[in-house]
Amino acid sequence: MRKPKVTVVGAGFVGATTAQRILEKELADVVLMDVVEGMPQGKALDMMESAPIEGFSTAIVGTNSYDETKDSDIVVITAGLARKPGMSRDDLQAKNAEIVGGIVGEVASRSPKAILIVVTNPLDIMTYLAWKKSGFNHRRVFGMAGVLDSARYAYFLSLELKMPPKEIEAVVLGGHGDLMVPAPEFSKAKGKPVTDLLPKETIEAINQRTRDGGAEIVTLLKTGSAYYAPSSSVTAMVEAILEDTGRVLPCCVYLKGEYGIQEMYCGVTASLGREGVKKVIELKLSSESQAALKQSAEHVKEQIAKLTL
Ligand code: TXD
């Protein structure tokens, strides 16, 4: 039987680490594509040279051409620019829209049945753009942010509760930015709601650390941004899709009235499988979280309006 094929566009920190995780978990063969000559080829060769040690039987090729991406089951888009000094968020959005738009055109024609997972920031807007440019059914185009934001939330809760991180289930909804919505009412430690375990002020401080989670890493690294947890997050989505598990994960998906949000992309929990989004799971949010989600979605909508499609 043919092994599944995953293309990762952008062989930078997130892209290359995602490729490595997919290979080592033997989820699929990988094509790693980047515009920088030699770089994806070098990283792919280096990863293959770890195969005798790690023992994986999956394979990776690095390339600067889209031809090798043909008939991918999943395309992960991590290509883009980081914000440079003097560049506004809007400038970055316009530049990355150009990059992501171009990539989607190339991959959609060669892999018309693929599922697209967008990672490039600003995440919600790039996911909407990828959907529009691909012409694909919205079930096959979604973005990664919620898995990461929820993992950060779970980790910070585990520190406070002095429990192993894997005992914590945490949920963050909304757009991937300052207005993201940690939902403590759906976050649990060993099955118990964290709202019963921690005082309100402590939870609010953890919510804020979660919202600032990306910036905290950027400040420490000084150049570049997070990639270990982001690549784990993408890999969890790839696994749910390829193994058709129906796992419920927070993702940036197209909404048609869920939570009162119409025809746009925003972070909510969804079940993933071979066809992409199987189902959007609408949680019964507290009135506080519901209002915060609405505000976050409004912000995404304003940013989408700035796109030239
Ligand atoms: O939660 C999330 N969604 C995020 C998003 C978590 C972490 C990182 N997030 C965003 O992912 C970040 O803000 C960036 O927009 C992307 C990629 O982050 P990464 O840290 O991997 O950036 P790098 O290391 O700069 O890699 C980007 C690569 C680089 O190698 C470029 O040469 C390549 O993208 N690039 C391209 N590849 C193919 N085609 C085109 N046109 C192209 N342009 C740049």
# chains A, B, ... in the order shown; residues from 1 in each chain; ligands from 1
call {"tool": "residues_around", "arguments": {"residues": "segment 188-202 of chain A", "least_positions_apart": "2", "cutoff": "10 Å", "atoms": "only C-alpha atoms", "output": "list of chain:residue names"}}
result
A:Ala154, A:Leu157, A:Ser158, A:Glu160, A:Leu161, A:Met163, A:Pro164, A:Pro165, A:Lys166, A:Glu167, A:Ile168, A:Glu169, A:Ala170, A:Val171, A:Ala183, A:Pro184, A:Glu185, A:Phe186, A:Glu204, A:Ala205, A:Ile206, A:Asn207, A:Gln208
call {"tool": "write_last_selection", "arguments": {"atoms": "N, CA, C and O atoms", "output": "CSV table (one decimal), in the first residue's frame"}}
result
chain,number,residue,atom,x,y,z
A,154,ALA,N,-2.2,24.3,29.1
A,154,ALA,CA,-2.1,23.0,29.9
A,154,ALA,C,-0.8,23.0,30.7
A,154,ALA,O,-0.8,22.6,31.9
A,157,LEU,N,-0.9,25.5,33.5
A,157,LEU,CA,-1.8,25.0,34.6
A,157,LEU,C,-1.1,23.9,35.4
A,157,LEU,O,-1.2,23.8,36.6
A,158,SER,N,-0.3,23.0,34.6
A,158,SER,CA,0.3,21.9,35.3
A,158,SER,C,1.4,22.4,36.3
A,158,SER,O,1.6,21.8,37.4
A,160,GLU,N,1.2,25.2,38.0
A,160,GLU,CA,0.5,25.7,39.2
A,160,GLU,C,0.0,24.6,40.0
A,160,GLU,O,0.0,24.6,41.2
A,161,LEU,N,-0.6,23.6,39.3
A,161,LEU,CA,-1.2,22.5,40.1
A,161,LEU,C,-0.2,21.4,40.5
A,161,LEU,O,-0.6,20.4,41.2
A,163,MET,N,1.3,19.1,38.8
A,163,MET,CA,0.8,17.8,38.2
A,163,MET,C,1.6,17.6,36.9
A,163,MET,O,2.0,18.6,36.2
A,164,PRO,N,1.7,16.3,36.4
A,164,PRO,CA,2.4,16.1,35.1
A,164,PRO,C,1.5,16.8,34.0
A,164,PRO,O,0.3,16.7,34.1
A,165,PRO,N,2.2,17.4,33.1
A,165,PRO,CA,1.4,18.1,32.0
A,165,PRO,C,0.4,17.2,31.3
A,165,PRO,O,-0.7,17.7,30.9
A,166,LYS,N,0.7,15.9,31.2
A,166,LYS,CA,-0.2,15.0,30.4
A,166,LYS,C,-1.5,14.8,31.2
A,166,LYS,O,-2.5,14.3,30.6
A,167,GLU,N,-1.6,15.1,32.5
A,167,GLU,CA,-2.8,15.0,33.2
A,167,GLU,C,-3.8,16.1,33.0
A,167,GLU,O,-4.9,16.1,33.5
A,168,ILE,N,-3.3,17.1,32.3
A,168,ILE,CA,-4.2,18.3,32.1
A,168,ILE,C,-4.8,18.4,30.7
A,168,ILE,O,-4.1,18.2,29.7
A,169,GLU,N,-6.0,18.7,30.6
A,169,GLU,CA,-6.7,18.9,29.4
A,169,GLU,C,-7.1,20.4,29.4
A,169,GLU,O,-7.7,20.9,30.3
A,170,ALA,N,-6.7,21.2,28.3
A,170,ALA,CA,-7.0,22.6,28.4
A,170,ALA,C,-7.5,23.0,27.0
A,170,ALA,O,-7.2,22.4,26.0
A,171,VAL,N,-8.3,24.0,27.0
A,171,VAL,CA,-8.9,24.5,25.8
A,171,VAL,C,-8.7,26.0,25.6
A,171,VAL,O,-9.1,26.8,26.5
A,183,ALA,N,-10.4,28.9,27.9
A,183,ALA,CA,-11.7,28.5,28.4
A,183,ALA,C,-11.5,27.7,29.7
A,183,ALA,O,-11.5,26.4,29.6
A,184,PRO,N,-11.3,28.3,30.8
A,184,PRO,CA,-11.1,27.5,32.1
A,184,PRO,C,-12.2,26.5,32.4
A,184,PRO,O,-12.0,25.4,32.9
A,185,GLU,N,-13.4,26.9,32.0
A,185,GLU,CA,-14.6,26.0,32.3
A,185,GLU,C,-14.5,24.7,31.5
A,185,GLU,O,-15.2,23.8,31.9
A,186,PHE,N,-13.7,24.6,30.5
A,186,PHE,CA,-13.5,23.3,29.8
A,186,PHE,C,-12.1,22.8,30.0
A,186,PHE,O,-11.7,21.9,29.2
A,204,GLU,N,-6.8,33.7,36.0
A,204,GLU,CA,-6.6,34.8,35.1
A,204,GLU,C,-5.2,35.1,34.8
A,204,GLU,O,-4.8,35.4,33.7
A,205,ALA,N,-4.3,35.0,35.8
A,205,ALA,CA,-2.8,35.2,35.5
A,205,ALA,C,-2.3,34.1,34.6
A,205,ALA,O,-1.5,34.4,33.7
A,206,ILE,N,-2.8,32.9,34.7
A,206,ILE,CA,-2.4,31.8,33.8
A,206,ILE,C,-2.9,32.1,32.4
A,206,ILE,O,-2.3,31.9,31.3
A,207,ASN,N,-4.2,32.5,32.3
A,207,ASN,CA,-4.8,32.9,31.0
A,207,ASN,C,-3.9,33.9,30.3
A,207,ASN,O,-3.7,33.8,29.1
A,208,GLN,N,-3.5,34.9,31.1
A,208,GLN,CA,-2.7,36.0,30.5
A,208,GLN,C,-1.3,35.5,30.0
A,208,GLN,O,-0.8,35.8,28.9
call {"tool": "residues_near_ligand", "arguments": {"ligand": "ligand 1", "cutoff": "9 Å", "atoms": "only C-alpha atoms and all ligand atoms", "output": "ChimeraX atom specification"}}
result
/A:9-17,33-36,39-40,64,77-83,96,98-103,118-124,143-149,176,214,224-231,233-234
call {"tool": "closest_residue", "arguments": {"among": "A:Ile203, A:Ile304, A:Met48, A:Val31", "to": "Tyr128 of chain A", "atoms": "only C-alpha atoms"}}
result
A:Ile304
call {"tool": "select_by_dssp", "arguments": {"residues": "segment 216-276 of chain A", "states": "alpha helix (DSSP H)", "output": "PyMOL selection string"}}
result
chain A and resi 216-221+228-242
call {"tool": "write_last_selection", "arguments": {"atoms": "all heavy atoms", "output": "compact mmCIF listing (two decimals), in the first residue's frame"}}
result
# COMPACT_ATOMS: atom_id res chain seq x y z
N GLU A 216 6.60 35.40 24.97
CA GLU A 216 7.54 35.01 26.01
C GLU A 216 8.74 34.26 25.40
O GLU A 216 9.89 34.50 25.74
CB GLU A 216 6.82 34.12 27.06
CG GLU A 216 7.69 33.79 28.25
CD GLU A 216 6.97 32.98 29.34
OE1 GLU A 216 5.74 32.73 29.23
OE2 GLU A 216 7.65 32.59 30.31
N ILE A 217 8.43 33.40 24.45
CA ILE A 217 9.51 32.63 23.79
C ILE A 217 10.35 33.55 22.90
O ILE A 217 11.58 33.49 22.90
CB ILE A 217 8.91 31.48 22.92
CG1 ILE A 217 7.99 30.58 23.76
CG2 ILE A 217 10.00 30.70 22.20
CD1 ILE A 217 8.56 29.35 24.32
N VAL A 218 9.69 34.44 22.16
CA VAL A 218 10.41 35.37 21.27
C VAL A 218 11.39 36.20 22.09
O VAL A 218 12.55 36.40 21.69
CB VAL A 218 9.42 36.28 20.50
CG1 VAL A 218 10.13 37.43 19.80
CG2 VAL A 218 8.63 35.45 19.49
N THR A 219 10.96 36.67 23.25
CA THR A 219 11.83 37.49 24.09
C THR A 219 13.05 36.69 24.55
O THR A 219 14.17 37.20 24.55
CB THR A 219 11.03 37.98 25.33
OG1 THR A 219 9.87 38.63 24.84
CG2 THR A 219 11.82 38.93 26.20
N LEU A 220 12.84 35.44 24.89
CA LEU A 220 13.97 34.62 25.34
C LEU A 220 14.92 34.28 24.19
O LEU A 220 16.14 34.33 24.33
CB LEU A 220 13.45 33.32 25.98
CG LEU A 220 12.78 33.50 27.34
CD1 LEU A 220 12.01 32.25 27.73
CD2 LEU A 220 13.82 33.83 28.41
N LEU A 221 14.35 33.92 23.03
CA LEU A 221 15.19 33.49 21.91
C LEU A 221 15.95 34.66 21.27
O LEU A 221 17.00 34.47 20.69
CB LEU A 221 14.34 32.81 20.82
CG LEU A 221 13.69 31.47 21.15
CD1 LEU A 221 12.88 30.97 19.97
CD2 LEU A 221 14.74 30.43 21.53
N TYR A 228 9.32 24.07 18.70
CA TYR A 228 9.15 22.69 19.21
C TYR A 228 7.68 22.39 19.46
O TYR A 228 7.14 21.40 18.95
CB TYR A 228 9.98 22.47 20.49
CG TYR A 228 11.46 22.47 20.25
CD1 TYR A 228 12.28 23.46 20.77
CD2 TYR A 228 12.04 21.46 19.47
CE1 TYR A 228 13.65 23.46 20.54
CE2 TYR A 228 13.41 21.46 19.24
CZ TYR A 228 14.21 22.45 19.77
OH TYR A 228 15.56 22.44 19.53
N ALA A 229 7.03 23.22 20.27
CA ALA A 229 5.60 22.97 20.54
C ALA A 229 4.74 23.21 19.28
O ALA A 229 3.80 22.44 19.04
CB ALA A 229 5.12 23.82 21.71
N PRO A 230 5.05 24.23 18.45
CA PRO A 230 4.28 24.37 17.21
C PRO A 230 4.37 23.13 16.31
O PRO A 230 3.36 22.67 15.76
CB PRO A 230 4.90 25.59 16.53
CG PRO A 230 5.42 26.42 17.66
CD PRO A 230 5.92 25.42 18.68
N SER A 231 5.57 22.55 16.18
CA SER A 231 5.69 21.37 15.30
C SER A 231 4.98 20.15 15.92
O SER A 231 4.39 19.35 15.19
CB SER A 231 7.16 21.06 15.00
OG SER A 231 7.87 20.87 16.20
N SER A 232 5.00 20.04 17.24
CA SER A 232 4.24 18.95 17.89
C SER A 232 2.75 19.12 17.58
O SER A 232 2.04 18.13 17.35
CB SER A 232 4.38 18.99 19.41
OG SER A 232 5.66 18.66 19.79
N SER A 233 2.31 20.36 17.60
CA SER A 233 0.89 20.65 17.39
C SER A 233 0.46 20.26 15.97
O SER A 233 -0.59 19.63 15.78
CB SER A 233 0.62 22.14 17.62
OG SER A 233 1.11 22.53 18.87
N VAL A 234 1.28 20.64 14.99
CA VAL A 234 0.94 20.28 13.60
C VAL A 234 0.93 18.76 13.46
O VAL A 234 0.02 18.18 12.84
CB VAL A 234 1.96 20.87 12.59
CG1 VAL A 234 1.62 20.42 11.18
CG2 VAL A 234 2.02 22.38 12.68
N THR A 235 1.91 18.11 14.07
CA THR A 235 2.02 16.66 13.94
C THR A 235 0.80 15.96 14.55
O THR A 235 0.31 14.95 14.01
CB THR A 235 3.34 16.16 14.58
OG1 THR A 235 4.40 16.93 14.02
CG2 THR A 235 3.58 14.70 14.31
N ALA A 236 0.29 16.48 15.65
CA ALA A 236 -0.92 15.89 16.25
C ALA A 236 -2.10 15.98 15.27
O ALA A 236 -2.90 15.05 15.16
CB ALA A 236 -1.26 16.62 17.55
N MET A 237 -2.17 17.10 14.55
CA MET A 237 -3.25 17.24 13.57
C MET A 237 -3.05 16.27 12.40
O MET A 237 -4.00 15.62 11.94
CB MET A 237 -3.33 18.70 13.08
CG MET A 237 -3.78 19.65 14.18
SD MET A 237 -3.59 21.41 13.76
CE MET A 237 -4.83 21.63 12.51
N VAL A 238 -1.81 16.18 11.92
CA VAL A 238 -1.50 15.27 10.80
C VAL A 238 -1.86 13.83 11.19
O VAL A 238 -2.47 13.09 10.42
CB VAL A 238 0.00 15.39 10.42
CG1 VAL A 238 0.45 14.25 9.52
CG2 VAL A 238 0.27 16.74 9.77
N GLU A 239 -1.52 13.45 12.41
CA GLU A 239 -1.80 12.09 12.89
C GLU A 239 -3.31 11.83 12.94
O GLU A 239 -3.78 10.78 12.49
CB GLU A 239 -1.18 11.90 14.28
CG GLU A 239 -1.29 10.49 14.80
CD GLU A 239 -0.47 10.26 16.05
OE1 GLU A 239 -0.24 11.22 16.83
OE2 GLU A 239 -0.05 9.12 16.27
N ALA A 240 -4.06 12.79 13.48
CA ALA A 240 -5.53 12.61 13.57
C ALA A 240 -6.13 12.43 12.19
O ALA A 240 -7.05 11.62 11.99
CB ALA A 240 -6.15 13.80 14.28
N ILE A 241 -5.59 13.16 11.21
CA ILE A 241 -6.12 13.09 9.84
C ILE A 241 -5.75 11.75 9.20
O ILE A 241 -6.62 11.00 8.75
CB ILE A 241 -5.57 14.26 8.98
CG1 ILE A 241 -6.05 15.60 9.54
CG2 ILE A 241 -5.95 14.07 7.52
CD1 ILE A 241 -5.27 16.80 9.03
N LEU A 242 -4.46 11.45 9.18
CA LEU A 242 -4.00 10.25 8.45
C LEU A 242 -4.51 8.97 9.08
O LEU A 242 -4.78 7.99 8.39
CB LEU A 242 -2.47 10.23 8.36
CG LEU A 242 -1.85 11.34 7.51
CD1 LEU A 242 -0.33 11.22 7.53
CD2 LEU A 242 -2.36 11.31 6.07
call {"tool": "closest_residue", "arguments": {"among": "A:Glu106, A:Val268, A:Val300, A:Gln290", "to": "Leu249 of chain A", "atoms": "only C-alpha atoms"}}
result
A:Val268
call {"tool": "atom_distance", "arguments": {"atom1": "atom CA of Lys301 of chain A", "atom2": "atom CA of Arg152 of chain A"}}
result
25.1 Å
call {"tool": "closest_residue", "arguments": {"among": "A:Lys95, A:Lys284, A:Arg89, A:Arg140", "to": "Gln303 of chain A", "atoms": "only C-alpha atoms"}}
result
A:Arg89
call {"tool": "closest_residue", "arguments": {"among": "A:Thr210, A:Ser296, A:Gln262, A:Ser57", "to": "Gly175 of chain A", "atoms": "only C-alpha atoms"}}
result
A:Ser296
call {"tool": "atom_distance", "arguments": {"atom1": "atom CA of Ala59 of chain A", "atom2": "atom CA of Gly105 of chain A"}}
result
25.5 Å
call {"tool": "select_by_dssp", "arguments": {"residues": "segment 63-228 of chain A", "states": "strand (DSSP E)", "output": "list in words"}}
result
Thr63, Ile74, Val75, Val76, Ile77, Ile115, Leu116, Ile117, Val118, Val141, Phe142, Gly143, Ile168, Glu169, Val172, Leu173, Val181, Pro182, Lys188, Ala189, Lys192 and Pro193 of chain A
call {"tool": "atom_distance", "arguments": {"atom1": "atom CA of Phe136 of chain A", "atom2": "atom CA of Val181 of chain A"}}
result
28.1 Å
call {"tool": "closest_residue", "arguments": {"among": "A:Gly276, A:Phe156, A:Gly174, A:Met87", "to": "Ala292 of chain A", "atoms": "only C-alpha atoms"}}
result
A:Gly174
